[in-house]
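Text of run33.cif (mmCIF, N, CA and C atoms) as supplied:
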```cif
data_model
#
loop_
_atom_site.label_atom_id
_atom_site.label_comp_id
_atom_site.auth_asym_id
_atom_site.auth_seq_id
_atom_site.Cartn_x
_atom_site.Cartn_y
_atom_site.Cartn_z
N MET A 1277 6.42 -125.82 157.47
CA MET A 1277 5.28 -126.64 157.83
C MET A 1277 5.32 -127.06 159.30
N HIS A 1278 5.97 -126.26 160.12
CA HIS A 1278 5.96 -126.52 161.56
C HIS A 1278 4.52 -126.54 162.04
N GLU A 1279 4.24 -127.34 163.04
CA GLU A 1279 2.86 -127.50 163.51
C GLU A 1279 2.21 -126.20 163.98
N LYS A 1280 3.01 -125.19 164.33
CA LYS A 1280 2.46 -123.91 164.78
C LYS A 1280 2.55 -122.82 163.71
N ALA A 1281 3.06 -123.16 162.52
CA ALA A 1281 3.23 -122.17 161.45
C ALA A 1281 1.87 -121.72 160.90
N THR A 1282 1.76 -120.46 160.61
CA THR A 1282 0.52 -119.90 160.07
C THR A 1282 0.16 -120.57 158.74
N LEU A 1283 1.14 -120.79 157.87
CA LEU A 1283 0.85 -121.44 156.59
C LEU A 1283 0.20 -122.80 156.82
N ARG A 1284 0.75 -123.58 157.72
CA ARG A 1284 0.19 -124.91 157.98
C ARG A 1284 -1.25 -124.80 158.51
N LEU A 1285 -1.49 -123.86 159.42
CA LEU A 1285 -2.84 -123.67 159.97
C LEU A 1285 -3.83 -123.29 158.86
N HIS A 1286 -3.41 -122.39 157.96
CA HIS A 1286 -4.27 -122.00 156.85
C HIS A 1286 -4.56 -123.19 155.94
N LEU A 1287 -3.52 -123.98 155.63
CA LEU A 1287 -3.71 -125.13 154.75
C LEU A 1287 -4.61 -126.19 155.38
N GLU A 1288 -4.49 -126.38 156.68
CA GLU A 1288 -5.34 -127.35 157.36
C GLU A 1288 -6.81 -126.91 157.34
N THR A 1289 -7.05 -125.62 157.49
CA THR A 1289 -8.41 -125.09 157.41
C THR A 1289 -8.95 -125.29 156.00
N TRP A 1290 -8.13 -125.02 155.01
CA TRP A 1290 -8.53 -125.12 153.61
C TRP A 1290 -8.87 -126.57 153.24
N ARG A 1291 -8.02 -127.50 153.65
CA ARG A 1291 -8.25 -128.90 153.27
C ARG A 1291 -9.25 -129.60 154.17
N GLY A 1292 -9.54 -129.01 155.34
CA GLY A 1292 -10.55 -129.57 156.23
C GLY A 1292 -10.05 -130.67 157.14
N LYS A 1293 -8.76 -130.85 157.23
CA LYS A 1293 -8.19 -131.83 158.17
C LYS A 1293 -6.73 -131.50 158.42
N LYS A 1294 -6.26 -131.96 159.57
CA LYS A 1294 -4.88 -131.70 159.96
C LYS A 1294 -3.92 -132.57 159.16
N PHE A 1295 -2.69 -132.07 159.01
CA PHE A 1295 -1.63 -132.84 158.39
C PHE A 1295 -1.07 -133.83 159.40
N THR A 1296 -0.74 -135.02 158.95
CA THR A 1296 0.06 -135.90 159.80
C THR A 1296 1.49 -135.39 159.71
N GLU A 1297 2.33 -135.83 160.61
CA GLU A 1297 3.73 -135.38 160.57
C GLU A 1297 4.38 -135.79 159.26
N GLU A 1298 4.08 -136.98 158.77
CA GLU A 1298 4.64 -137.46 157.50
C GLU A 1298 4.15 -136.61 156.33
N GLU A 1299 2.85 -136.28 156.31
CA GLU A 1299 2.30 -135.43 155.25
C GLU A 1299 2.95 -134.06 155.26
N SER A 1300 3.17 -133.50 156.43
CA SER A 1300 3.75 -132.16 156.51
C SER A 1300 5.19 -132.15 156.00
N LYS A 1301 5.92 -133.24 156.21
CA LYS A 1301 7.32 -133.32 155.74
C LYS A 1301 7.42 -133.43 154.22
N SER A 1302 6.41 -134.06 153.59
CA SER A 1302 6.50 -134.29 152.15
C SER A 1302 5.58 -133.38 151.34
N PHE A 1303 4.91 -132.42 151.98
CA PHE A 1303 3.97 -131.57 151.27
C PHE A 1303 4.68 -130.67 150.26
N ASP A 1304 4.17 -130.63 149.04
CA ASP A 1304 4.71 -129.80 147.97
C ASP A 1304 3.78 -128.61 147.75
N VAL A 1305 4.19 -127.46 148.20
CA VAL A 1305 3.35 -126.26 148.15
C VAL A 1305 3.01 -125.86 146.71
N THR A 1306 3.82 -126.28 145.73
CA THR A 1306 3.52 -125.92 144.33
C THR A 1306 2.25 -126.60 143.83
N LYS A 1307 1.78 -127.63 144.51
CA LYS A 1307 0.53 -128.28 144.12
C LYS A 1307 -0.67 -127.36 144.33
N LEU A 1308 -0.48 -126.27 145.04
CA LEU A 1308 -1.56 -125.33 145.29
C LEU A 1308 -1.77 -124.34 144.15
N LEU A 1309 -0.80 -124.26 143.23
CA LEU A 1309 -0.93 -123.34 142.11
C LEU A 1309 -2.19 -123.67 141.31
N LYS A 1310 -3.00 -122.67 141.05
CA LYS A 1310 -4.24 -122.75 140.27
C LYS A 1310 -5.38 -123.49 140.98
N VAL A 1311 -5.22 -123.85 142.25
CA VAL A 1311 -6.32 -124.49 142.99
C VAL A 1311 -7.20 -123.38 143.56
N PRO A 1312 -8.50 -123.37 143.21
CA PRO A 1312 -9.36 -122.29 143.69
C PRO A 1312 -9.64 -122.39 145.19
N CYS A 1313 -9.81 -121.24 145.80
CA CYS A 1313 -10.14 -121.17 147.23
C CYS A 1313 -10.76 -119.82 147.52
N MET A 1314 -11.23 -119.66 148.74
CA MET A 1314 -11.71 -118.36 149.21
C MET A 1314 -10.72 -117.86 150.26
N ILE A 1315 -10.33 -116.62 150.12
CA ILE A 1315 -9.38 -116.02 151.07
C ILE A 1315 -10.07 -114.86 151.77
N ASN A 1316 -10.00 -114.88 153.11
CA ASN A 1316 -10.51 -113.79 153.92
C ASN A 1316 -9.34 -112.85 154.19
N VAL A 1317 -9.44 -111.62 153.69
CA VAL A 1317 -8.37 -110.64 153.86
C VAL A 1317 -8.75 -109.68 154.98
N VAL A 1318 -7.82 -109.50 155.91
CA VAL A 1318 -8.02 -108.60 157.05
C VAL A 1318 -7.07 -107.43 156.90
N HIS A 1319 -7.58 -106.22 157.06
CA HIS A 1319 -6.72 -105.04 156.98
C HIS A 1319 -6.32 -104.62 158.38
N LYS A 1320 -5.02 -104.47 158.57
CA LYS A 1320 -4.48 -104.08 159.87
C LYS A 1320 -3.64 -102.83 159.72
N VAL A 1321 -3.49 -102.11 160.82
CA VAL A 1321 -2.67 -100.91 160.83
C VAL A 1321 -1.38 -101.22 161.57
N SER A 1322 -0.26 -100.91 160.93
CA SER A 1322 1.05 -101.14 161.53
C SER A 1322 1.25 -100.19 162.70
N GLU A 1323 1.69 -100.74 163.83
CA GLU A 1323 1.96 -99.89 165.00
C GLU A 1323 3.16 -99.00 164.78
N LYS A 1324 4.13 -99.47 163.99
CA LYS A 1324 5.35 -98.69 163.74
C LYS A 1324 5.13 -97.55 162.76
N SER A 1325 4.57 -97.89 161.57
CA SER A 1325 4.47 -96.88 160.51
C SER A 1325 3.09 -96.23 160.42
N GLY A 1326 2.07 -96.86 160.99
CA GLY A 1326 0.72 -96.34 160.89
C GLY A 1326 0.05 -96.66 159.56
N LYS A 1327 0.76 -97.38 158.68
CA LYS A 1327 0.21 -97.73 157.37
C LYS A 1327 -0.70 -98.95 157.51
N THR A 1328 -1.71 -98.98 156.65
CA THR A 1328 -2.63 -100.11 156.61
C THR A 1328 -2.09 -101.15 155.65
N PHE A 1329 -2.13 -102.42 156.06
CA PHE A 1329 -1.68 -103.50 155.19
C PHE A 1329 -2.68 -104.63 155.22
N ALA A 1330 -2.65 -105.45 154.18
CA ALA A 1330 -3.57 -106.58 154.06
C ALA A 1330 -2.87 -107.84 154.56
N GLU A 1331 -3.62 -108.66 155.27
CA GLU A 1331 -3.10 -109.91 155.81
C GLU A 1331 -4.15 -110.99 155.59
N ILE A 1332 -3.69 -112.22 155.27
CA ILE A 1332 -4.63 -113.32 155.11
C ILE A 1332 -5.16 -113.71 156.48
N GLY A 1333 -6.49 -113.65 156.62
CA GLY A 1333 -7.13 -114.04 157.87
C GLY A 1333 -7.41 -115.53 157.89
N SER A 1334 -7.89 -116.05 156.76
CA SER A 1334 -8.18 -117.48 156.65
C SER A 1334 -8.30 -117.86 155.19
N ILE A 1335 -8.16 -119.17 154.93
CA ILE A 1335 -8.34 -119.73 153.60
C ILE A 1335 -9.30 -120.90 153.74
N SER A 1336 -10.25 -120.99 152.82
CA SER A 1336 -11.21 -122.10 152.86
C SER A 1336 -11.54 -122.55 151.45
N PRO A 1337 -12.10 -123.76 151.34
CA PRO A 1337 -12.52 -124.22 150.01
C PRO A 1337 -13.71 -123.41 149.53
N LEU A 1338 -13.97 -123.44 148.23
CA LEU A 1338 -15.16 -122.78 147.71
C LEU A 1338 -16.41 -123.46 148.27
N MET A 1339 -17.45 -122.69 148.49
CA MET A 1339 -18.72 -123.27 148.95
C MET A 1339 -19.33 -124.11 147.82
N LYS A 1340 -20.08 -125.13 148.21
CA LYS A 1340 -20.71 -125.99 147.21
C LYS A 1340 -21.55 -125.15 146.26
N GLY A 1341 -21.40 -125.41 144.97
CA GLY A 1341 -22.15 -124.70 143.95
C GLY A 1341 -21.51 -123.39 143.52
N MET A 1342 -20.52 -122.92 144.24
CA MET A 1342 -19.86 -121.66 143.90
C MET A 1342 -18.90 -121.88 142.73
N VAL A 1343 -18.95 -120.99 141.76
CA VAL A 1343 -18.07 -121.08 140.61
C VAL A 1343 -16.95 -120.05 140.77
N CYS A 1344 -15.75 -120.51 140.59
CA CYS A 1344 -14.58 -119.62 140.71
C CYS A 1344 -14.48 -118.77 139.44
N PRO A 1345 -14.33 -117.45 139.61
CA PRO A 1345 -14.15 -116.60 138.42
C PRO A 1345 -12.84 -116.93 137.71
N GLU A 1346 -12.75 -116.54 136.45
CA GLU A 1346 -11.53 -116.77 135.68
C GLU A 1346 -10.35 -116.04 136.34
N GLN A 1347 -9.21 -116.66 136.24
CA GLN A 1347 -7.98 -116.09 136.79
C GLN A 1347 -7.60 -114.85 135.98
N ILE A 1348 -7.17 -113.80 136.67
CA ILE A 1348 -6.80 -112.54 136.01
C ILE A 1348 -5.31 -112.50 135.71
N ASN A 1349 -4.49 -112.76 136.74
CA ASN A 1349 -3.04 -112.73 136.56
C ASN A 1349 -2.51 -114.11 136.21
N GLU A 1350 -1.48 -114.14 135.40
CA GLU A 1350 -0.86 -115.39 134.99
C GLU A 1350 -0.21 -116.07 136.20
N THR A 1351 -0.31 -117.38 136.28
CA THR A 1351 0.34 -118.14 137.34
C THR A 1351 1.84 -118.15 137.08
N SER A 1352 2.62 -117.91 138.11
CA SER A 1352 4.07 -117.96 137.96
C SER A 1352 4.68 -118.57 139.21
N LEU A 1353 5.85 -119.17 139.03
CA LEU A 1353 6.57 -119.81 140.13
C LEU A 1353 8.02 -119.38 140.06
N LEU A 1354 8.50 -118.78 141.13
CA LEU A 1354 9.90 -118.38 141.23
C LEU A 1354 10.56 -119.30 142.23
N CYS A 1355 11.58 -120.03 141.78
CA CYS A 1355 12.28 -120.93 142.69
C CYS A 1355 13.78 -120.81 142.47
N TYR A 1356 14.54 -121.18 143.47
CA TYR A 1356 15.99 -121.06 143.41
C TYR A 1356 16.62 -122.13 142.51
N ASP A 1357 15.95 -123.28 142.37
CA ASP A 1357 16.51 -124.37 141.56
C ASP A 1357 16.60 -124.01 140.08
N ASP A 1358 15.64 -123.24 139.59
CA ASP A 1358 15.61 -122.83 138.19
C ASP A 1358 15.23 -121.35 138.17
N PHE A 1359 16.13 -120.51 138.65
CA PHE A 1359 15.83 -119.10 138.90
C PHE A 1359 15.56 -118.35 137.61
N ASN A 1360 14.43 -117.65 137.57
CA ASN A 1360 14.01 -116.88 136.40
C ASN A 1360 14.25 -115.40 136.70
N GLU A 1361 15.34 -114.86 136.19
CA GLU A 1361 15.72 -113.47 136.46
C GLU A 1361 14.66 -112.49 135.94
N GLN A 1362 14.06 -112.79 134.79
CA GLN A 1362 13.04 -111.91 134.23
C GLN A 1362 11.82 -111.84 135.14
N LEU A 1363 11.39 -112.98 135.64
CA LEU A 1363 10.27 -113.00 136.58
C LEU A 1363 10.64 -112.26 137.86
N PHE A 1364 11.84 -112.50 138.36
CA PHE A 1364 12.30 -111.82 139.57
C PHE A 1364 12.25 -110.30 139.39
N GLU A 1365 12.73 -109.80 138.26
CA GLU A 1365 12.76 -108.35 138.01
C GLU A 1365 11.35 -107.77 137.85
N SER A 1366 10.37 -108.60 137.53
CA SER A 1366 8.99 -108.11 137.37
C SER A 1366 8.28 -107.94 138.72
N LEU A 1367 8.88 -108.44 139.79
CA LEU A 1367 8.26 -108.35 141.11
C LEU A 1367 8.38 -106.95 141.68
N PRO A 1368 7.49 -106.58 142.60
CA PRO A 1368 7.62 -105.28 143.28
C PRO A 1368 8.92 -105.24 144.10
N ASP A 1369 9.46 -104.05 144.28
CA ASP A 1369 10.73 -103.88 144.98
C ASP A 1369 10.73 -104.49 146.38
N PHE A 1370 9.61 -104.36 147.12
CA PHE A 1370 9.61 -104.89 148.48
C PHE A 1370 9.77 -106.41 148.49
N LEU A 1371 9.23 -107.10 147.47
CA LEU A 1371 9.42 -108.55 147.39
C LEU A 1371 10.84 -108.90 146.96
N LYS A 1372 11.37 -108.14 145.99
CA LYS A 1372 12.75 -108.39 145.56
C LYS A 1372 13.71 -108.19 146.74
N ASP A 1373 13.49 -107.16 147.53
CA ASP A 1373 14.35 -106.90 148.69
C ASP A 1373 14.27 -108.03 149.70
N LYS A 1374 13.07 -108.55 149.92
CA LYS A 1374 12.89 -109.65 150.87
C LYS A 1374 13.63 -110.90 150.37
N ILE A 1375 13.49 -111.19 149.09
CA ILE A 1375 14.17 -112.34 148.51
C ILE A 1375 15.69 -112.16 148.57
N LYS A 1376 16.15 -110.96 148.24
CA LYS A 1376 17.60 -110.68 148.26
C LYS A 1376 18.20 -110.84 149.65
N SER A 1377 17.40 -110.68 150.68
CA SER A 1377 17.92 -110.79 152.04
C SER A 1377 17.95 -112.24 152.54
N SER A 1378 17.47 -113.18 151.72
CA SER A 1378 17.42 -114.58 152.15
C SER A 1378 18.78 -115.27 152.02
N VAL A 1379 19.00 -116.25 152.86
CA VAL A 1379 20.21 -117.06 152.82
C VAL A 1379 20.31 -117.78 151.48
N GLU A 1380 19.18 -118.29 151.01
CA GLU A 1380 19.16 -119.05 149.76
C GLU A 1380 19.56 -118.20 148.56
N TYR A 1381 19.05 -116.98 148.49
CA TYR A 1381 19.38 -116.09 147.38
C TYR A 1381 20.87 -115.75 147.42
N ASN A 1382 21.37 -115.44 148.60
CA ASN A 1382 22.79 -115.11 148.71
C ASN A 1382 23.68 -116.29 148.36
N ALA A 1383 23.28 -117.50 148.72
CA ALA A 1383 24.05 -118.68 148.36
C ALA A 1383 24.02 -118.90 146.84
N MET A 1384 22.88 -118.60 146.22
CA MET A 1384 22.76 -118.76 144.77
C MET A 1384 23.62 -117.73 144.05
N MET A 1385 23.65 -116.51 144.54
CA MET A 1385 24.41 -115.44 143.90
C MET A 1385 25.91 -115.53 144.20
N ASN A 1386 26.26 -116.15 145.31
CA ASN A 1386 27.66 -116.31 145.72
C ASN A 1386 27.91 -117.79 146.01
N PRO A 1387 28.07 -118.60 144.97
CA PRO A 1387 28.20 -120.05 145.18
C PRO A 1387 29.34 -120.46 146.11
N SER A 1388 30.37 -119.63 146.20
CA SER A 1388 31.49 -119.97 147.09
C SER A 1388 31.10 -119.87 148.56
N THR A 1389 30.01 -119.14 148.83
CA THR A 1389 29.51 -119.02 150.19
C THR A 1389 28.32 -119.96 150.32
N SER A 1390 28.52 -121.06 150.97
CA SER A 1390 27.44 -122.03 151.09
C SER A 1390 26.49 -121.67 152.23
N ILE A 1391 25.31 -122.25 152.18
CA ILE A 1391 24.32 -122.06 153.24
C ILE A 1391 24.88 -122.61 154.55
N LEU A 1392 25.57 -123.74 154.46
CA LEU A 1392 26.12 -124.34 155.68
C LEU A 1392 27.13 -123.41 156.34
N LYS A 1393 27.93 -122.72 155.53
CA LYS A 1393 28.89 -121.77 156.08
C LYS A 1393 28.16 -120.66 156.82
N HIS A 1394 27.07 -120.16 156.21
CA HIS A 1394 26.28 -119.09 156.83
C HIS A 1394 25.68 -119.58 158.16
N VAL A 1395 25.11 -120.77 158.14
CA VAL A 1395 24.51 -121.33 159.35
C VAL A 1395 25.58 -121.51 160.42
N SER A 1396 26.74 -122.01 160.02
CA SER A 1396 27.84 -122.21 160.95
C SER A 1396 28.26 -120.89 161.60
N GLU A 1397 28.37 -119.85 160.79
CA GLU A 1397 28.75 -118.54 161.31
C GLU A 1397 27.68 -118.00 162.26
N THR A 1398 26.42 -118.21 161.91
CA THR A 1398 25.32 -117.75 162.75
C THR A 1398 25.35 -118.44 164.10
N VAL A 1399 25.57 -119.75 164.08
CA VAL A 1399 25.62 -120.52 165.33
C VAL A 1399 26.79 -120.07 166.17
N SER A 1400 27.94 -119.85 165.55
CA SER A 1400 29.11 -119.45 166.33
C SER A 1400 28.94 -118.05 166.91
N GLN A 1401 28.18 -117.19 166.24
CA GLN A 1401 27.92 -115.86 166.77
C GLN A 1401 26.99 -115.93 167.97
N GLU A 1402 26.13 -116.95 168.00
CA GLU A 1402 25.17 -117.09 169.10
C GLU A 1402 25.83 -117.69 170.34
N GLY A 1403 26.99 -118.26 170.17
CA GLY A 1403 27.69 -118.86 171.31
C GLY A 1403 28.05 -120.29 171.05
N ASP A 1404 29.09 -120.74 171.73
CA ASP A 1404 29.59 -122.10 171.55
C ASP A 1404 29.20 -122.99 172.70
N ASP A 1405 27.98 -122.86 173.19
CA ASP A 1405 27.54 -123.67 174.32
C ASP A 1405 26.80 -124.92 173.89
N LEU A 1406 27.13 -125.41 172.66
CA LEU A 1406 26.49 -126.63 172.18
C LEU A 1406 27.05 -127.83 172.91
N PRO A 1407 26.22 -128.86 173.17
CA PRO A 1407 26.67 -130.01 173.94
C PRO A 1407 27.53 -130.97 173.14
N PHE A 1408 27.73 -130.76 171.85
CA PHE A 1408 28.55 -131.66 171.04
C PHE A 1408 29.26 -130.90 169.95
#
```

Now that the file is in, can you turn its structure into structure tokens?
Amino acid sequence: MHEKATLRLHLETWRGKKFTEEESKSFDVTKLLKVPCMINVVHKVSEKSGKTFAEIGSISPLMKGMVCPEQINETSLLCYDDFNEQLFESLPDFLKDKIKSSVEYNAMMNPSTSILKHVSETVSQEGDDLPF
């Protein structure tokens, strides 16, 4: 929810007002599950692979009088606190690979390796020029 993050910018457009710093710190993204909206999808071509991919251009509330169609896919939430292996395995491989590469997933799968240890190692690899 950094002030320059794309997610924050999309959410501010959707809700019609900017987040205060306090609101951004306490915002629970799971509250968005099942909330109807309009999404503008932009198709772009990757410079590296030449493949076309879809990207969210903007998110906005439904126009007055507009009725949201019935949901097609079941709502699901995958989180590290209560990890659902069956849901994880149902995801496409590219999403599973992205999740597997996260610090949080690795900490969950290897409890002896904490996130703090990973962060510490990352910082020490970047250099020890910290002022404290």

**Message:** Which residue is closest to Val1318 in chain A? Choose from A:Met1342, A:Ser1334, A:Met1385, A:Asp1304 and count only N, CA and C atoms.
**Reply:** A:Ser1334

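One finds atom N of Ile1335 in chain A at 5.2 Å from CA of His1286 in chain A.
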
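Listed by chain and then by rising number, the residues of range 1289-1331 of chain A that DSSP assigns to helix (DSSP H, G or I) from the backbone are Thr1289, Trp1290, Arg1291, Glu1297, Glu1298, Glu1299, Ser1300, Lys1301, Ser1302, Val1305, Thr1306, Lys1307 and Leu1308 of chain A.
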
**Request:** Kindly indicate which residue among A:Met1277, A:Pro1345, A:Gly1292, A:Tyr1356 lies nearest to Tyr1381 in chain A, using only N, CA and C atoms for the distances.
**Result:** A:Tyr1356

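CA of Leu1354 in chain A sits 15.6 Å away from CA of Val1379 in chain A.
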
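Proximity ranking of A:Asn1382, A:Ile1375, A:Asn1316, A:Ala1281 relative to Leu1338 in chain A places A:Asn1316 first, based on only C-alpha atoms.
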
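With CA of Lys1372 in chain A on one side and atom N of Glu1331 in chain A on the other, the separation reads 19.0 Å.
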
At a cut-off of 12 Å around the point (-14.6, -125.7, 151.4) (file coordinates), what residues fall inside when counting only C-alpha atoms? I'd like the answer as a PDB file with N, CA and C atoms, keeping the file's coordinate frame.
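This went into part.pdb:
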```pdb
ATOM      1  N   LEU A1287      -3.520-123.980 155.630  1.00  0.00           N
ATOM      2  CA  LEU A1287      -3.710-125.130 154.750  1.00  0.00           C
ATOM      3  C   LEU A1287      -4.610-126.190 155.380  1.00  0.00           C
ATOM      4  N   GLU A1288      -4.490-126.380 156.680  1.00  0.00           N
ATOM      5  CA  GLU A1288      -5.340-127.350 157.360  1.00  0.00           C
ATOM      6  C   GLU A1288      -6.810-126.910 157.340  1.00  0.00           C
ATOM      7  N   THR A1289      -7.050-125.620 157.490  1.00  0.00           N
ATOM      8  CA  THR A1289      -8.410-125.090 157.410  1.00  0.00           C
ATOM      9  C   THR A1289      -8.950-125.290 156.000  1.00  0.00           C
ATOM     10  N   TRP A1290      -8.130-125.020 155.010  1.00  0.00           N
ATOM     11  CA  TRP A1290      -8.530-125.120 153.610  1.00  0.00           C
ATOM     12  C   TRP A1290      -8.870-126.570 153.240  1.00  0.00           C
ATOM     13  N   ARG A1291      -8.020-127.500 153.650  1.00  0.00           N
ATOM     14  CA  ARG A1291      -8.250-128.900 153.270  1.00  0.00           C
ATOM     15  C   ARG A1291      -9.250-129.600 154.170  1.00  0.00           C
ATOM     16  N   GLY A1292      -9.540-129.010 155.340  1.00  0.00           N
ATOM     17  CA  GLY A1292     -10.550-129.570 156.230  1.00  0.00           C
ATOM     18  C   GLY A1292     -10.050-130.670 157.140  1.00  0.00           C
ATOM     19  N   LYS A1293      -8.760-130.850 157.230  1.00  0.00           N
ATOM     20  CA  LYS A1293      -8.190-131.830 158.170  1.00  0.00           C
ATOM     21  C   LYS A1293      -6.730-131.500 158.420  1.00  0.00           C
ATOM     22  N   VAL A1311      -5.220-123.850 142.250  1.00  0.00           N
ATOM     23  CA  VAL A1311      -6.320-124.490 142.990  1.00  0.00           C
ATOM     24  C   VAL A1311      -7.200-123.380 143.560  1.00  0.00           C
ATOM     25  N   PRO A1312      -8.500-123.370 143.210  1.00  0.00           N
ATOM     26  CA  PRO A1312      -9.360-122.290 143.690  1.00  0.00           C
ATOM     27  C   PRO A1312      -9.640-122.390 145.190  1.00  0.00           C
ATOM     28  N   CYS A1313      -9.810-121.240 145.800  1.00  0.00           N
ATOM     29  CA  CYS A1313     -10.140-121.170 147.230  1.00  0.00           C
ATOM     30  C   CYS A1313     -10.760-119.820 147.520  1.00  0.00           C
ATOM     31  N   MET A1314     -11.230-119.660 148.740  1.00  0.00           N
ATOM     32  CA  MET A1314     -11.710-118.360 149.210  1.00  0.00           C
ATOM     33  C   MET A1314     -10.720-117.860 150.260  1.00  0.00           C
ATOM     34  N   ILE A1315     -10.330-116.620 150.120  1.00  0.00           N
ATOM     35  CA  ILE A1315      -9.380-116.020 151.070  1.00  0.00           C
ATOM     36  C   ILE A1315     -10.070-114.860 151.770  1.00  0.00           C
ATOM     37  N   SER A1334      -7.890-116.050 156.760  1.00  0.00           N
ATOM     38  CA  SER A1334      -8.180-117.480 156.650  1.00  0.00           C
ATOM     39  C   SER A1334      -8.300-117.860 155.190  1.00  0.00           C
ATOM     40  N   ILE A1335      -8.160-119.170 154.930  1.00  0.00           N
ATOM     41  CA  ILE A1335      -8.340-119.730 153.600  1.00  0.00           C
ATOM     42  C   ILE A1335      -9.300-120.900 153.740  1.00  0.00           C
ATOM     43  N   SER A1336     -10.250-120.990 152.820  1.00  0.00           N
ATOM     44  CA  SER A1336     -11.210-122.100 152.860  1.00  0.00           C
ATOM     45  C   SER A1336     -11.540-122.550 151.450  1.00  0.00           C
ATOM     46  N   PRO A1337     -12.100-123.760 151.340  1.00  0.00           N
ATOM     47  CA  PRO A1337     -12.520-124.220 150.010  1.00  0.00           C
ATOM     48  C   PRO A1337     -13.710-123.410 149.530  1.00  0.00           C
ATOM     49  N   LEU A1338     -13.970-123.440 148.230  1.00  0.00           N
ATOM     50  CA  LEU A1338     -15.160-122.780 147.710  1.00  0.00           C
ATOM     51  C   LEU A1338     -16.410-123.460 148.270  1.00  0.00           C
ATOM     52  N   MET A1339     -17.450-122.690 148.490  1.00  0.00           N
ATOM     53  CA  MET A1339     -18.720-123.270 148.950  1.00  0.00           C
ATOM     54  C   MET A1339     -19.330-124.110 147.820  1.00  0.00           C
ATOM     55  N   LYS A1340     -20.080-125.130 148.210  1.00  0.00           N
ATOM     56  CA  LYS A1340     -20.710-125.990 147.210  1.00  0.00           C
ATOM     57  C   LYS A1340     -21.550-125.150 146.260  1.00  0.00           C
ATOM     58  N   GLY A1341     -21.400-125.410 144.970  1.00  0.00           N
ATOM     59  CA  GLY A1341     -22.150-124.700 143.950  1.00  0.00           C
ATOM     60  C   GLY A1341     -21.510-123.390 143.520  1.00  0.00           C
ATOM     61  N   MET A1342     -20.520-122.920 144.240  1.00  0.00           N
ATOM     62  CA  MET A1342     -19.860-121.660 143.900  1.00  0.00           C
ATOM     63  C   MET A1342     -18.900-121.880 142.730  1.00  0.00           C
TER      64      MET A1342
END
```

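Distance check against His1319 in chain A using only C-alpha atoms: of A:Asp1358, A:Ser1366, A:Gly1333, A:Lys1307, the minimum falls on A:Gly1333.
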
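Taking only range 1320-1398 of chain A, the residues that DSSP calls strand (DSSP E) from the backbone come to Lys1320, Val1321, Thr1328, Phe1329, Ala1330, Glu1331, Ile1332, Gly1333, Ser1334, Ile1335 and Ser1336 of chain A.
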